[in-house]
Structures are given as structure tokens and as C-alpha cells.
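Quick look at work-v5.cif (mmCIF, C-alpha atoms):
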```cif
data_work
#
loop_
_atom_site.label_atom_id
_atom_site.label_comp_id
_atom_site.auth_asym_id
_atom_site.auth_seq_id
_atom_site.Cartn_x
_atom_site.Cartn_y
_atom_site.Cartn_z
CA MET N 1 -208.14 98.43 -247.76
CA LEU N 2 -206.05 99.63 -250.67
CA ALA N 3 -208.39 100.99 -253.35
CA LYS N 4 -208.36 100.17 -257.05
CA ARG N 5 -207.43 103.32 -258.96
CA ILE N 6 -209.21 105.03 -261.86
CA ILE N 7 -206.82 107.11 -263.96
CA PRO N 8 -207.93 109.42 -266.77
CA CYS N 9 -205.15 109.96 -269.30
CA LEU N 10 -204.75 113.25 -271.14
CA ASP N 11 -202.69 113.30 -274.32
CA VAL N 12 -201.34 116.79 -274.72
CA LYS N 13 -200.22 118.43 -277.95
CA ASP N 14 -199.20 122.09 -277.94
CA GLY N 15 -201.19 122.73 -274.78
CA THR N 16 -204.41 121.03 -275.96
CA THR N 17 -205.85 117.70 -274.87
CA VAL N 18 -206.26 115.19 -277.64
CA LYS N 19 -206.66 111.45 -277.89
CA GLY N 20 -205.95 109.14 -280.76
CA VAL N 21 -207.98 106.20 -281.90
CA ASN N 22 -205.54 103.34 -282.51
CA PHE N 23 -202.71 105.86 -282.18
CA VAL N 24 -203.66 107.93 -285.27
CA ASN N 25 -206.15 110.72 -286.14
CA PHE N 26 -206.54 113.08 -283.20
CA ARG N 27 -209.71 114.80 -282.06
CA GLU N 28 -209.55 117.77 -279.70
CA ALA N 29 -210.98 117.41 -276.20
CA GLY N 30 -210.37 120.50 -274.07
CA ASP N 31 -207.94 122.39 -271.85
CA PRO N 32 -205.62 119.98 -269.99
CA VAL N 33 -205.58 121.79 -266.65
CA GLU N 34 -209.33 122.44 -266.62
CA LEU N 35 -210.04 118.88 -267.64
CA GLY N 36 -207.65 117.51 -264.99
CA LYS N 37 -209.32 119.61 -262.31
CA ARG N 38 -212.70 118.34 -263.41
CA TYR N 39 -211.56 114.72 -263.16
CA SER N 40 -209.98 115.31 -259.78
CA ASP N 41 -213.25 116.84 -258.50
CA ALA N 42 -215.20 113.90 -259.95
CA GLY N 43 -213.06 111.45 -257.95
CA ALA N 44 -210.24 110.42 -260.28
CA ASP N 45 -207.47 108.84 -258.19
CA GLU N 46 -204.58 109.98 -260.33
CA LEU N 47 -204.01 111.67 -263.67
CA VAL N 48 -201.60 110.94 -266.49
CA TYR N 49 -200.46 113.68 -268.88
CA LEU N 50 -198.72 112.44 -272.00
CA ASP N 51 -196.85 114.91 -274.17
CA ILE N 52 -197.26 113.92 -277.78
CA THR N 53 -195.54 117.04 -279.13
CA ALA N 54 -192.35 116.49 -281.08
CA SER N 55 -190.93 120.03 -281.37
CA HIS N 56 -188.60 121.74 -278.88
CA GLU N 57 -191.02 124.63 -278.54
CA GLY N 58 -193.78 122.19 -277.68
CA ARG N 59 -191.65 120.50 -275.02
CA ARG N 60 -191.01 123.80 -273.24
CA THR N 61 -194.76 124.45 -273.32
CA PHE N 62 -195.30 121.04 -271.72
CA VAL N 63 -193.01 121.85 -268.76
CA GLU N 64 -195.01 125.06 -268.26
CA LEU N 65 -198.19 123.01 -268.38
CA VAL N 66 -196.82 120.61 -265.72
CA LYS N 67 -196.24 123.60 -263.43
CA ARG N 68 -199.83 124.77 -263.95
CA VAL N 69 -201.17 121.27 -263.28
CA ALA N 70 -199.10 121.00 -260.08
CA SER N 71 -200.50 124.22 -258.71
CA ALA N 72 -204.11 123.47 -259.64
CA ILE N 73 -204.48 119.80 -258.72
CA ASN N 74 -204.32 118.07 -255.32
CA ILE N 75 -204.03 114.42 -256.40
CA PRO N 76 -200.95 112.64 -257.80
CA PHE N 77 -200.14 112.96 -261.48
CA THR N 78 -197.76 111.22 -263.84
CA VAL N 79 -196.21 112.80 -266.91
CA GLY N 80 -194.71 111.08 -269.91
CA GLY N 81 -194.00 111.28 -273.59
CA GLY N 82 -190.67 112.07 -275.18
CA ILE N 83 -188.59 111.61 -272.02
CA SER N 84 -185.17 110.48 -273.18
CA ASP N 85 -182.75 111.05 -270.29
CA ILE N 86 -182.33 111.87 -266.59
CA ASP N 87 -182.29 115.63 -267.32
CA ASP N 88 -185.79 115.43 -268.82
CA VAL N 89 -186.94 113.54 -265.73
CA GLU N 90 -185.45 116.10 -263.37
CA LYS N 91 -187.06 119.02 -265.25
CA LEU N 92 -190.50 117.42 -265.03
CA LEU N 93 -190.16 116.44 -261.35
CA ASP N 94 -188.94 119.96 -260.54
CA ALA N 95 -191.99 121.32 -262.35
CA GLY N 96 -194.14 119.39 -259.87
CA ALA N 97 -194.89 115.99 -261.43
CA ASP N 98 -195.16 113.11 -258.93
CA LYS N 99 -194.16 110.34 -261.31
CA ILE N 100 -192.75 110.09 -264.77
CA SER N 101 -193.58 107.50 -267.38
CA ILE N 102 -190.95 106.25 -269.80
CA ASN N 103 -191.58 104.05 -272.81
CA SER N 104 -189.37 103.97 -275.93
CA ALA N 105 -186.38 105.47 -274.11
CA ALA N 106 -186.45 102.62 -271.59
CA ILE N 107 -186.47 99.98 -274.32
CA ARG N 108 -183.60 101.69 -276.15
CA ASN N 109 -181.65 102.31 -272.95
CA PRO N 110 -182.84 100.05 -270.09
CA GLU N 111 -180.22 101.56 -267.71
CA LEU N 112 -182.38 104.69 -267.69
CA ILE N 113 -184.73 102.82 -265.32
CA ASP N 114 -181.86 102.04 -262.92
CA GLY N 115 -180.74 105.66 -263.12
CA ILE N 116 -184.15 107.11 -262.32
CA ALA N 117 -184.79 104.61 -259.53
CA SER N 118 -181.48 105.24 -257.79
CA ARG N 119 -181.60 109.02 -258.18
CA PHE N 120 -185.28 109.73 -257.48
CA GLY N 121 -186.66 106.44 -256.13
CA SER N 122 -188.66 103.66 -257.74
CA GLN N 123 -191.94 105.33 -256.82
CA VAL N 124 -191.48 108.00 -259.50
CA CYS N 125 -190.62 105.53 -262.27
CA VAL N 126 -193.55 104.20 -264.30
CA VAL N 127 -192.49 102.02 -267.21
CA ALA N 128 -195.07 102.16 -270.01
CA ILE N 129 -195.21 99.25 -272.41
CA ASP N 130 -197.14 99.22 -275.71
CA ALA N 131 -197.57 95.68 -276.96
CA LYS N 132 -199.62 93.65 -279.38
CA THR N 133 -199.97 89.99 -280.22
CA THR N 134 -198.34 88.28 -283.17
CA ALA N 135 -199.95 85.60 -285.34
CA GLU N 136 -198.26 83.11 -282.98
CA ASN N 137 -200.11 84.73 -280.06
CA GLU N 138 -197.00 86.23 -278.55
CA TRP N 139 -197.05 89.73 -276.99
CA ILE N 140 -194.39 91.91 -278.68
CA CYS N 141 -193.38 95.37 -277.41
CA TYR N 142 -193.51 98.36 -279.76
CA LEU N 143 -191.57 101.62 -279.90
CA ASN N 144 -192.50 105.20 -280.80
CA GLY N 145 -196.21 105.19 -280.04
CA GLY N 146 -196.69 101.77 -281.51
CA ARG N 147 -194.92 102.30 -284.84
CA ILE N 148 -191.81 100.13 -284.50
CA PRO N 149 -191.82 96.49 -283.32
CA THR N 150 -188.98 95.38 -281.04
CA GLY N 151 -187.50 91.99 -280.22
CA LYS N 152 -188.77 92.21 -276.65
CA THR N 153 -191.77 90.31 -275.36
CA LEU N 154 -194.17 91.92 -272.90
CA PHE N 155 -193.59 89.52 -270.00
CA GLU N 156 -189.78 89.45 -270.22
CA TRP N 157 -189.53 93.20 -270.57
CA ALA N 158 -191.96 93.91 -267.71
CA LYS N 159 -190.01 91.59 -265.44
CA GLU N 160 -186.70 93.20 -266.43
CA ALA N 161 -188.15 96.69 -265.85
CA GLN N 162 -189.25 95.63 -262.36
CA GLU N 163 -185.81 94.21 -261.57
CA ARG N 164 -184.16 97.42 -262.76
CA GLY N 165 -186.28 99.46 -260.36
CA ALA N 166 -189.57 100.40 -262.05
CA GLY N 167 -192.25 101.34 -259.51
CA GLU N 168 -195.23 100.47 -261.72
CA ILE N 169 -195.94 98.96 -265.13
CA LEU N 170 -198.41 100.72 -267.42
CA PHE N 171 -199.39 98.16 -270.04
CA THR N 172 -201.27 99.31 -273.15
CA SER N 173 -202.64 96.60 -275.38
CA MET N 174 -202.49 97.93 -278.94
CA ASP N 175 -204.88 95.15 -279.94
CA HIS N 176 -207.52 96.62 -277.62
CA ASP N 177 -206.72 100.35 -277.70
CA GLY N 178 -209.51 102.43 -279.22
CA VAL N 179 -211.64 99.36 -279.89
CA LYS N 180 -213.78 99.84 -276.75
CA SER N 181 -214.54 96.18 -276.19
CA GLY N 182 -212.69 95.62 -272.92
CA PHE N 183 -209.13 95.46 -271.59
CA ALA N 184 -206.58 92.69 -272.35
CA ASN N 185 -207.63 90.84 -269.20
CA ASN N 186 -205.82 87.56 -269.78
CA ALA N 187 -202.48 89.22 -270.48
CA LEU N 188 -203.03 91.55 -267.51
CA ALA N 189 -203.74 88.68 -265.13
CA ALA N 190 -200.61 86.88 -266.35
CA LEU N 191 -198.59 90.06 -265.89
CA ASN N 192 -199.94 90.48 -262.37
CA ASP N 193 -198.88 86.92 -261.56
CA ILE N 194 -195.23 87.46 -262.47
CA LEU N 195 -194.80 91.00 -261.04
CA SER N 196 -194.61 92.28 -257.48
CA ILE N 197 -195.18 95.95 -258.45
CA PRO N 198 -198.56 97.49 -259.37
CA VAL N 199 -199.94 97.07 -262.89
CA ILE N 200 -201.94 99.82 -264.61
CA ALA N 201 -204.20 98.54 -267.38
CA SER N 202 -204.67 100.63 -270.49
CA GLY N 203 -206.43 100.21 -273.83
CA GLY N 204 -209.90 98.95 -274.54
CA ALA N 205 -212.24 100.54 -272.00
CA GLY N 206 -215.69 101.01 -273.54
CA SER N 207 -218.22 100.29 -270.80
CA TYR N 208 -218.64 100.33 -267.03
CA LYS N 209 -218.43 96.56 -266.98
CA ASP N 210 -215.04 96.62 -268.73
CA PHE N 211 -213.63 98.27 -265.59
CA TYR N 212 -215.24 95.67 -263.33
CA ASP N 213 -213.69 92.94 -265.49
CA VAL N 214 -210.21 94.48 -265.52
CA PHE N 215 -210.12 94.52 -261.71
CA THR N 216 -211.59 91.04 -261.25
CA ILE N 217 -210.45 88.99 -264.26
CA GLY N 218 -207.44 91.16 -265.18
CA LYS N 219 -206.43 91.62 -261.50
CA ALA N 220 -205.16 95.13 -262.36
CA ASP N 221 -204.28 97.59 -259.59
CA ALA N 222 -205.39 100.58 -261.65
CA ALA N 223 -207.21 101.21 -264.90
CA LEU N 224 -206.45 104.01 -267.31
CA ALA N 225 -208.62 105.42 -270.09
CA ALA N 226 -208.83 108.59 -272.15
CA SER N 227 -211.45 109.31 -274.79
CA ILE N 228 -214.37 107.63 -273.04
CA PHE N 229 -213.84 110.05 -270.15
CA HIS N 230 -213.09 113.10 -272.31
CA PHE N 231 -216.22 112.65 -274.38
CA ASN N 232 -218.33 111.85 -271.34
CA GLU N 233 -219.23 108.36 -272.50
CA ILE N 234 -218.29 107.20 -269.00
CA SER N 235 -218.40 109.47 -265.97
CA VAL N 236 -215.66 108.92 -263.37
CA GLU N 237 -218.18 109.60 -260.60
CA ARG N 238 -220.72 107.05 -261.84
CA LEU N 239 -217.99 104.52 -262.60
CA LYS N 240 -216.74 104.57 -259.02
CA ARG N 241 -220.27 104.17 -257.64
CA TYR N 242 -220.84 101.31 -260.09
CA LEU N 243 -217.68 99.52 -258.92
CA ASN N 244 -218.46 100.16 -255.26
CA GLU N 245 -221.93 98.62 -255.65
CA ARG N 246 -220.21 95.52 -257.04
CA ASN N 247 -217.82 95.19 -254.10
CA ILE N 248 -214.72 96.58 -255.76
CA THR N 249 -212.80 98.72 -253.24
CA VAL N 250 -212.69 102.26 -254.62
CA ARG N 251 -212.22 105.67 -253.07
CA LEU N 252 -215.56 107.47 -252.92
CA MET B 1 -195.36 124.12 -251.70
CA CYS B 2 -198.22 124.14 -254.22
CA ALA B 3 -200.55 122.60 -251.64
CA LEU B 4 -199.65 125.29 -249.10
CA ARG B 5 -200.12 128.02 -251.67
CA ARG B 6 -203.60 126.64 -252.39
CA LEU B 7 -204.32 127.07 -248.67
CA GLY B 8 -203.10 130.67 -248.86
CA VAL B 9 -199.87 130.05 -246.94
CA ASP B 10 -196.52 131.40 -248.10
CA ALA B 11 -193.87 128.75 -247.44
CA VAL B 12 -190.13 128.79 -248.11
CA LEU B 13 -188.09 125.74 -249.06
CA THR B 14 -184.81 126.05 -247.19
CA ASP B 15 -181.90 124.32 -245.47
CA ASP B 16 -180.92 127.53 -243.65
CA LYS B 17 -180.71 126.84 -239.87
CA ASP B 18 -181.85 130.32 -238.80
CA VAL B 19 -184.81 130.39 -241.15
CA ILE B 20 -185.92 126.95 -239.89
CA THR B 21 -185.36 127.74 -236.21
CA ASN B 22 -187.30 131.01 -236.42
CA ALA B 23 -190.21 129.77 -238.55
CA PRO B 24 -193.63 129.65 -236.86
CA LYS B 25 -194.17 126.17 -238.30
CA VAL B 26 -191.87 123.66 -239.95
CA ILE B 27 -192.80 120.99 -242.50
CA PHE B 28 -190.29 118.18 -243.01
CA PRO B 29 -191.54 116.47 -246.17
CA GLY B 30 -190.23 114.25 -248.80
CA VAL B 31 -189.67 111.12 -250.68
CA GLY B 32 -186.24 109.58 -250.81
CA GLU B 33 -183.98 107.11 -249.09
CA ALA B 34 -183.38 107.19 -245.32
CA ALA B 35 -179.60 106.79 -245.10
CA SER B 36 -178.75 109.45 -247.70
CA ALA B 37 -181.35 111.82 -246.21
CA MET B 38 -179.79 111.37 -242.74
CA SER B 39 -176.27 111.99 -244.00
CA TYR B 40 -177.51 115.14 -245.78
CA LEU B 41 -179.11 116.38 -242.55
CA LYS B 42 -175.97 115.67 -240.55
CA ALA B 43 -173.65 117.26 -243.13
CA HIS B 44 -175.71 120.47 -242.89
CA GLY B 45 -176.06 120.33 -239.09
CA LEU B 46 -179.82 120.04 -239.52
CA ASP B 47 -180.19 116.91 -237.36
CA ARG B 48 -179.63 118.98 -234.21
CA VAL B 49 -181.70 121.90 -235.52
CA ILE B 50 -184.71 119.63 -236.07
CA ARG B 51 -184.37 117.91 -232.68
CA ASP B 52 -184.33 121.30 -230.94
CA LEU B 53 -187.40 122.73 -232.66
CA ARG B 54 -190.16 123.84 -230.25
CA GLN B 55 -192.73 125.09 -232.77
CA PRO B 56 -195.19 122.65 -234.45
CA VAL B 57 -193.32 120.36 -236.87
CA LEU B 58 -194.98 118.16 -239.48
CA GLY B 59 -192.99 115.21 -240.86
CA ILE B 60 -194.44 113.71 -244.04
CA CYS B 61 -193.65 110.23 -245.44
CA ILE B 62 -189.89 109.80 -245.07
CA GLY B 63 -190.11 112.83 -242.76
CA GLN B 64 -192.13 110.64 -240.37
CA GLN B 65 -189.61 107.82 -240.67
CA LEU B 66 -186.58 110.06 -240.08
CA LEU B 67 -188.10 111.34 -236.83
CA CYS B 68 -187.99 107.76 -235.48
CA ARG B 69 -185.04 106.07 -233.76
CA HIS B 70 -183.78 103.75 -236.47
CA SER B 71 -184.71 102.71 -240.01
CA GLU B 72 -184.24 99.33 -241.65
CA GLU B 73 -183.70 101.22 -244.91
CA ASN B 74 -179.92 100.83 -245.19
CA ASP B 75 -179.75 100.32 -241.41
CA VAL B 76 -179.50 103.94 -240.33
CA GLU B 77 -179.83 105.75 -236.98
CA CYS B 78 -182.42 108.51 -237.34
CA LEU B 79 -183.41 111.58 -235.31
CA GLY B 80 -184.95 109.69 -232.40
CA ILE B 81 -187.87 111.96 -231.53
CA PHE B 82 -190.17 108.93 -231.61
CA ASP B 83 -188.66 105.99 -229.75
CA THR B 84 -189.61 103.40 -232.37
CA ASP B 85 -188.11 101.61 -235.33
CA VAL B 86 -188.97 101.83 -239.04
CA ARG B 87 -189.48 98.47 -240.73
CA ARG B 88 -189.75 97.24 -244.30
CA PHE B 89 -193.01 95.70 -245.53
CA GLU B 90 -192.69 91.94 -246.08
CA ALA B 91 -195.08 90.44 -248.62
CA GLN B 92 -197.24 87.73 -247.02
CA SER B 93 -198.67 86.55 -250.33
CA ARG B 94 -198.36 87.12 -254.07
CA LEU B 95 -201.11 89.71 -253.78
CA ASP B 96 -199.04 91.99 -251.54
CA LYS B 97 -197.27 94.49 -253.72
CA ILE B 98 -194.48 96.66 -252.40
CA PRO B 99 -194.37 99.69 -252.39
CA HIS B 100 -197.77 100.26 -250.81
CA MET B 101 -198.98 102.66 -253.47
CA GLY B 102 -202.34 104.34 -253.81
CA TRP B 103 -205.35 105.31 -251.72
CA ASN B 104 -206.06 103.63 -248.40
CA THR B 105 -208.25 104.41 -245.38
CA VAL B 106 -207.37 105.82 -241.93
CA HIS B 107 -208.88 104.37 -238.73
CA HIS B 108 -208.65 104.41 -234.91
CA LEU B 109 -208.23 108.17 -234.84
CA ARG B 110 -207.15 109.90 -231.64
CA ASN B 111 -208.20 113.38 -232.77
CA GLY B 112 -204.78 114.70 -233.73
CA ILE B 113 -204.35 116.65 -236.96
CA VAL B 114 -206.10 113.74 -238.67
CA SER B 115 -209.36 114.74 -236.98
CA LYS B 116 -211.83 112.18 -235.70
CA GLN B 117 -214.47 112.82 -238.34
CA LEU B 118 -212.04 111.53 -240.98
CA ASP B 119 -212.44 107.91 -239.85
CA GLY B 120 -212.62 105.66 -242.91
CA GLN B 121 -211.53 108.39 -245.36
CA TYR B 122 -208.97 107.73 -248.08
CA VAL B 123 -205.47 109.24 -248.14
CA TYR B 124 -202.64 108.74 -250.65
CA TYR B 125 -199.62 106.55 -249.88
CA VAL B 126 -196.32 105.68 -251.59
CA HIS B 127 -193.89 103.83 -249.32
CA SER B 128 -192.04 100.56 -248.72
CA TYR B 129 -191.18 101.18 -245.03
CA TYR B 130 -193.57 101.74 -242.14
CA VAL B 131 -193.69 102.62 -238.44
CA PRO B 132 -195.43 99.91 -236.37
CA VAL B 133 -198.44 100.88 -234.26
CA GLY B 134 -197.23 102.14 -230.87
CA PRO B 135 -197.83 104.69 -228.10
CA TYR B 136 -197.34 107.67 -230.46
CA THR B 137 -199.71 106.38 -233.14
CA ASP B 138 -202.54 108.84 -233.85
CA SER B 139 -204.25 106.94 -236.66
CA VAL B 140 -203.85 103.53 -238.28
CA THR B 141 -203.94 102.23 -241.85
CA GLU B 142 -203.89 98.56 -242.71
CA TYR B 143 -201.74 97.18 -245.52
CA ILE B 144 -200.32 93.69 -244.99
CA LEU B 145 -200.50 94.70 -241.29
CA PRO B 146 -201.76 97.71 -239.29
CA PHE B 147 -199.17 100.54 -239.23
CA SER B 148 -198.92 104.16 -238.06
CA ALA B 149 -200.73 106.40 -240.56
CA SER B 150 -199.99 109.41 -238.36
CA MET B 151 -198.18 110.05 -235.08
CA HIS B 152 -197.87 112.78 -232.49
CA LYS B 153 -195.53 113.57 -229.60
CA ASP B 154 -195.18 117.04 -228.04
CA ASN B 155 -194.74 119.53 -230.92
CA PHE B 156 -193.95 116.82 -233.48
CA TYR B 157 -196.72 115.63 -235.83
CA THR B 158 -196.26 113.16 -238.64
CA THR B 159 -198.13 111.46 -241.46
CA GLN B 160 -196.92 108.46 -243.44
CA PHE B 161 -199.36 109.37 -246.24
CA HIS B 162 -199.07 112.47 -248.42
CA PRO B 163 -201.65 115.06 -247.30
CA GLU B 164 -200.52 117.32 -250.14
CA LYS B 165 -201.67 114.67 -252.63
CA SER B 166 -204.75 113.44 -250.77
CA GLY B 167 -207.36 115.71 -252.34
CA GLY B 168 -209.74 117.67 -250.11
CA ILE B 169 -209.16 115.35 -247.13
CA GLY B 170 -205.42 116.03 -247.30
CA GLU B 171 -206.01 119.78 -247.48
CA LEU B 172 -208.15 119.54 -244.33
CA ILE B 173 -205.32 117.73 -242.50
CA LEU B 174 -202.77 120.35 -243.61
CA LYS B 175 -205.17 123.06 -242.48
CA ASN B 176 -205.47 121.39 -239.07
CA PHE B 177 -201.69 121.49 -238.75
CA LEU B 178 -201.46 125.09 -239.90
CA GLU B 179 -204.08 126.12 -237.32
CA LEU B 180 -202.23 124.53 -234.35
#
```
Give the structure from the file, written as C-alpha cells.
Amino acid sequence: MLAKRIIPCLDVKDGTTVKGVNFVNFREAGDPVELGKRYSDAGADELVYLDITASHEGRRTFVELVKRVASAINIPFTVGGGISDIDDVEKLLDAGADKISINSAAIRNPELIDGIASRFGSQVCVVAIDAKTTAENEWICYLNGGRIPTGKTLFEWAKEAQERGAGEILFTSMDHDGVKSGFANNALAALNDILSIPVIASGGAGSYKDFYDVFTIGKADAALAASIFHFNEISVERLKRYLNERNITVRL
Amino acid sequence: MCALRRLGVDAVLTDDKDVITNAPKVIFPGVGEAASAMSYLKAHGLDRVIRDLRQPVLGICIGQQLLCRHSEENDVECLGIFDTDVRRFEAQSRLDKIPHMGWNTVHHLRNGIVSKQLDGQYVYYVHSYYVPVGPYTDSVTEYILPFSASMHKDNFYTTQFHPEKSGGIGELILKNFLEL
């Protein structure tokens, strides 16, 4: 049976792993390649590396990092952050990434999804969506790491991304991110109902049970988290045993 | 390439006929789309080169599919080593997502390069098309229906999954191929 996936996410700035709490204030958490290798050995199913560097120098460093990750790690990994066009995608795939994740660039230029899908295949194209609820309880998508609201709603945009050729949707609930009180399970379940491509849940993991809930109530195909893994609050190894004992199909 | 380097093997990525023909082993990997891959092979005369190979050949993912007779992906005639068709997954319920993406288990092993002790182990998949179970099938994975996880005929070996992305289990399978 197809296993539910556990995906540690590493935010990378100038070659160092960091993770924000509610998208601001970064704390350092170790060497990205070493950390990735450790997760892979512990049983992580995939890794995500997000480049949060803005400078040109930093972006070149990130491509070098992707090459190092590709030679050190034997499980699939996705890279994202600051990808704005097909050339960026090609550089990162050539460096050895298996998938790329696009966020703001896809909202600004939705044809980018079509372009990536037709040139490299849907399987490499992860569309990341940051969204939060309004006072009217509507999920609105945000740009630039959650700084700028857009006119797009989560469900419409996810559906459009799928139709344009996205291979997976990575949905981060900004309401839940960094709060550690569980994933946005209701929104995730609704998303799963309208999509035919896999959904990766992100934002809100704080306990072992939160992962059980995201796979059962949230019906997610994969769950992503960062700081709780980096700071050893949850061990990937123990998490997978915990889920297995509760009849969730995971790779052990 | 990275996976082979980790196993201490120096590989070259090439479309040069002589280099391919004279290599001790050939790996025919890839992700992509069947019809454009076939027209690329034909344009470079590689369709005949691959058919004539006598050394061990490993086709991975679309490599497995291209070694079959015909693919439903843009209705294309393929290399025809394996006398079987490649079909597209059809969702049977809302829960069936396509592509089949992620880790799934291998079963019913015949002791090919996916050795018998790997029964029930997880390997990594990303694909929307599959080869039905048939006489060449060496191991089976189930997603929507049972399909060929790996196949073997003469010097041709294939896997639908990605051994290079399947952790330690994948490295073992690659090692089995390299030691043929």
C-alpha cells in the first residue's frame, strides 16, 4: 500500500538551516546537508530545502548546496524559494533536485506551472500555497512568505494549479504555522476532496498525535514540518513507529 | 549518476552509439514523456542501438516503459523488447490519485535484481503509466491494481520505481544489477 510521507523541511539561508516562527525571527539549526542525511537515515521519506536568501550571491550558494545534497542523499528532495522562471527551474533540476516548489511566482504568473509541467513533467512541479483565513472564514492566498495578501482563495487556486499541471499541492496554513497545536485539518480534508493530486500538509505540527490527525481527519498524503524536527522535539524515527502502531501505513 | 558514484561506480551520461555499445553495463533511466523520448531515440539512431545491446541493461521508470511494445502515453510504438503494452492508471475512486507518487511495497519476487529477501520493502515511485503483470514480471506492486514493479527478459532488466531514490533498499537493487 502507498505509504503516508513524513517530510522534514529545511529553510536555508546562506548555507545554514534556519526556521522561522510565524515567518519571522530565525533561529539557527545546523548544516543543511548533514541534517538532511540525518533525517534520511532516521526514515524521512522526502526532504524539502527552501532557499530564503534574497541576494544573488546567496542564490549561487544554494545551487551549490543542491549539488551537495544530491550527492549525499538517496531519497527524493524538493527545492524551492525564489524560483521565478523556467531557467531557475532548469538550474536546480540540473543540480540534482527531484522536484521544485513554486509559490509567489506561480500566483504572479500561473503559466509558469504549464511551462514547467510541459517541459519537465508534472511530477517535478510542486505548487506551494500559503493561506490564512479572513474574518469571514475564507482562506486567502498570500505572496512573498506570507507578507502580501492576494485576491485568490485557497480552493480556487489549488484547483487551477492542478489543471495547469501541478504534480502536488503543498498547503501551509499561516493560521497554524509555528503555533504547534495541529494542522489545518478541515481545510486539508476539503482540499483533498476537490483535488486528484497529492496534498502535502504544512504548518502546525506540535505533537505525535497532530500527525495522526492530519492523515486521518485531514486526509493528507504527506505531512511536512521543520522546527519540531530540527530541535528534536519530535523524532522522525519515533513518529513513524507511533503512526505504524496506530495503523497508518508508513515506510519503516 | 550520484547514486552510482555513491556505490563507487564511474558512469558516463551519453548518447554516443559507440560508447553505449561498448559499455560493460547500460542504464536507461529517466522521467519524461514516452512519445518525445521515442522520437529522440529514433532521431539519434539509438532505438536500434538499444535493441541490439547484449550486455546487462537496466531500464528505470520510463526506461522500463520504452522497452515495451507500445505506450498509451500519446499512443506511441516503443522498443518492443518486452511484448506488452503500457497503460495509464484509471482512478477507481476519489481516493486514487494519479500520478502514483511516493513509497510503496514490492511483492511476489522472482529473485531477479530485486532479490527475494526484499519482499514487502518500500521503494519510491513517480508515474502515471504502468506495465500490467505478465510473463516478464519479476516483482509486483499494488496501486489501484497490481502492476509490474520490475521485469526481466534475457539481458534486459527494468524497474518502474526509482532505485536511485529508494534509500538503502534502492542501493542494494542497483548493486545487484552492477554485480550481474
_chain N contacts on chain B, only C-alpha atoms, 6 Å, as a list in words_ =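 Putting it all together, I get Cys2, Lys97, Trp103, Asn104, Lys165, Ser166 and Gly167 of chain B.
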_Counting all atoms listed in the file, the option among B:Asp96, B:Asp10, B:Asp138, B:Asp47 closest to Gly80 of chain B_ =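 Ranking B:Asp96, B:Asp10, B:Asp138, B:Asp47 by distance to Gly80 of chain B, first place goes to B:Asp47.
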*With the file shown as input, list the residues that the PyMOL selection byres ((chain B and resi 105-121) around 8) selects, as a ChimeraX atom specification.*
/N:1-2 /B:103-104,122-123,138-142,149-150,152,157,169,173-174,176-177
*asked:* Applying the PyMOL selection byres ((chain N and resi 203-218) around 9) to the file I just gave you, which residues come out? Please list them as a PyMOL selection string.
replied: chain N and resi 4+6+171-192+201-202+219-226+228+233-234+238-239+242-243+246+248
*Calculate how many Å separate atom CA of Ile20 of chain B from atom CA of Ala95 of chain N, rounding to one decimal.*
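Atom CA of Ala95 of chain N lies at a distance of 23.9 Å from atom CA of Ile20 of chain B.
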*Measuring atom to atom with all atoms listed in the file, identify which of B:Ser148, B:Pro56, B:Gly45, B:Tyr40 is nearest to Asp85 of chain B.*
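Of B:Ser148, B:Pro56, B:Gly45, B:Tyr40, the one nearest Asp85 of chain B is B:Ser148, counting all atoms listed in the file.
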*Can you list, as a list in words, every protein, DNA or RNA residue that comes within 12 Å of Glu77 of chain B when you count only C-alpha atoms, leaving out same-chain residues fewer than 5 positions away?*
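These residues fall inside the cut-off: Ala34, Ala35, Ser36, Ala37, Met38, Ser39, Lys42, Asp47, Gln65, Leu66, Leu67, Cys68, Arg69, His70, Ser71, Glu72, Asp83, Thr84, Asp85 and Val86 of chain B.
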_Two-atom distance - atom CA of His162 of chain B, atom CA of Ser84 of chain N (Å)_ =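 If I compute the distance from atom CA of His162 of chain B to atom CA of Ser84 of chain N, I get 28.5 Å.
Atom CA of Gly81 of chain N is positioned 16.5 Å from atom CA of Asp94 of chain N.
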Around all listed atoms of segment 27-42 of chain B, padded 4 Å per side, what centre and edge lengths does the axis-aligned box have in Å to one decimal, as JSON?
```
{"center_x": -184.4, "center_y": 113.9, "center_z": -245.7, "size_x": 24.8, "size_y": 22.2, "size_z": 18.3}
```
*Can you tell me, as a ChimeraX atom specification, what residues are no more than 6 Å from Val57 of chain B when counting all atoms listed in the file, ignoring any on the same chain fewer than 2 positions away?*
/B:26-27,156-157
*All residues 7 Å or closer to Tyr49 of chain N, all atoms listed in the file, same chain fewer than 5 positions away omitted, as a list of chain:residue names*: N:Cys9, N:Leu10, N:Asp11, N:Val12, N:Thr78, N:Val79, N:Gly80
File contents for segment 17-39 of chain B with C-alpha atoms as a tab-separated table (two decimals), in the first residue's frame:
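Okay, out_37.tsv is ready:
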```tsv
chain	number	residue	atom	x	y	z
B	17	LYS	CA	26.40	4.96	-30.01
B	18	ASP	CA	29.92	3.55	-29.67
B	19	VAL	CA	30.23	4.42	-26.01
B	20	ILE	CA	26.85	2.76	-25.31
B	21	THR	CA	27.55	-0.32	-27.44
B	22	ASN	CA	30.94	-0.91	-25.81
B	23	ALA	CA	29.93	-0.24	-22.20
B	24	PRO	CA	30.01	-3.23	-19.83
B	25	LYS	CA	26.60	-2.21	-18.50
B	26	VAL	CA	23.97	0.23	-19.70
B	27	ILE	CA	21.40	2.10	-17.60
B	28	PHE	CA	18.45	3.59	-19.45
B	29	PRO	CA	16.86	5.89	-16.87
B	30	GLY	CA	14.61	8.80	-16.78
B	31	VAL	CA	11.47	10.69	-16.28
B	32	GLY	CA	9.71	12.24	-19.22
B	33	GLU	CA	7.07	11.61	-21.83
B	34	ALA	CA	7.05	8.46	-23.97
B	35	ALA	CA	6.39	9.86	-27.45
B	36	SER	CA	9.03	12.61	-27.29
B	37	ALA	CA	11.55	10.19	-25.73
B	38	MET	CA	10.94	7.71	-28.59
B	39	SER	CA	11.35	10.35	-31.28
```
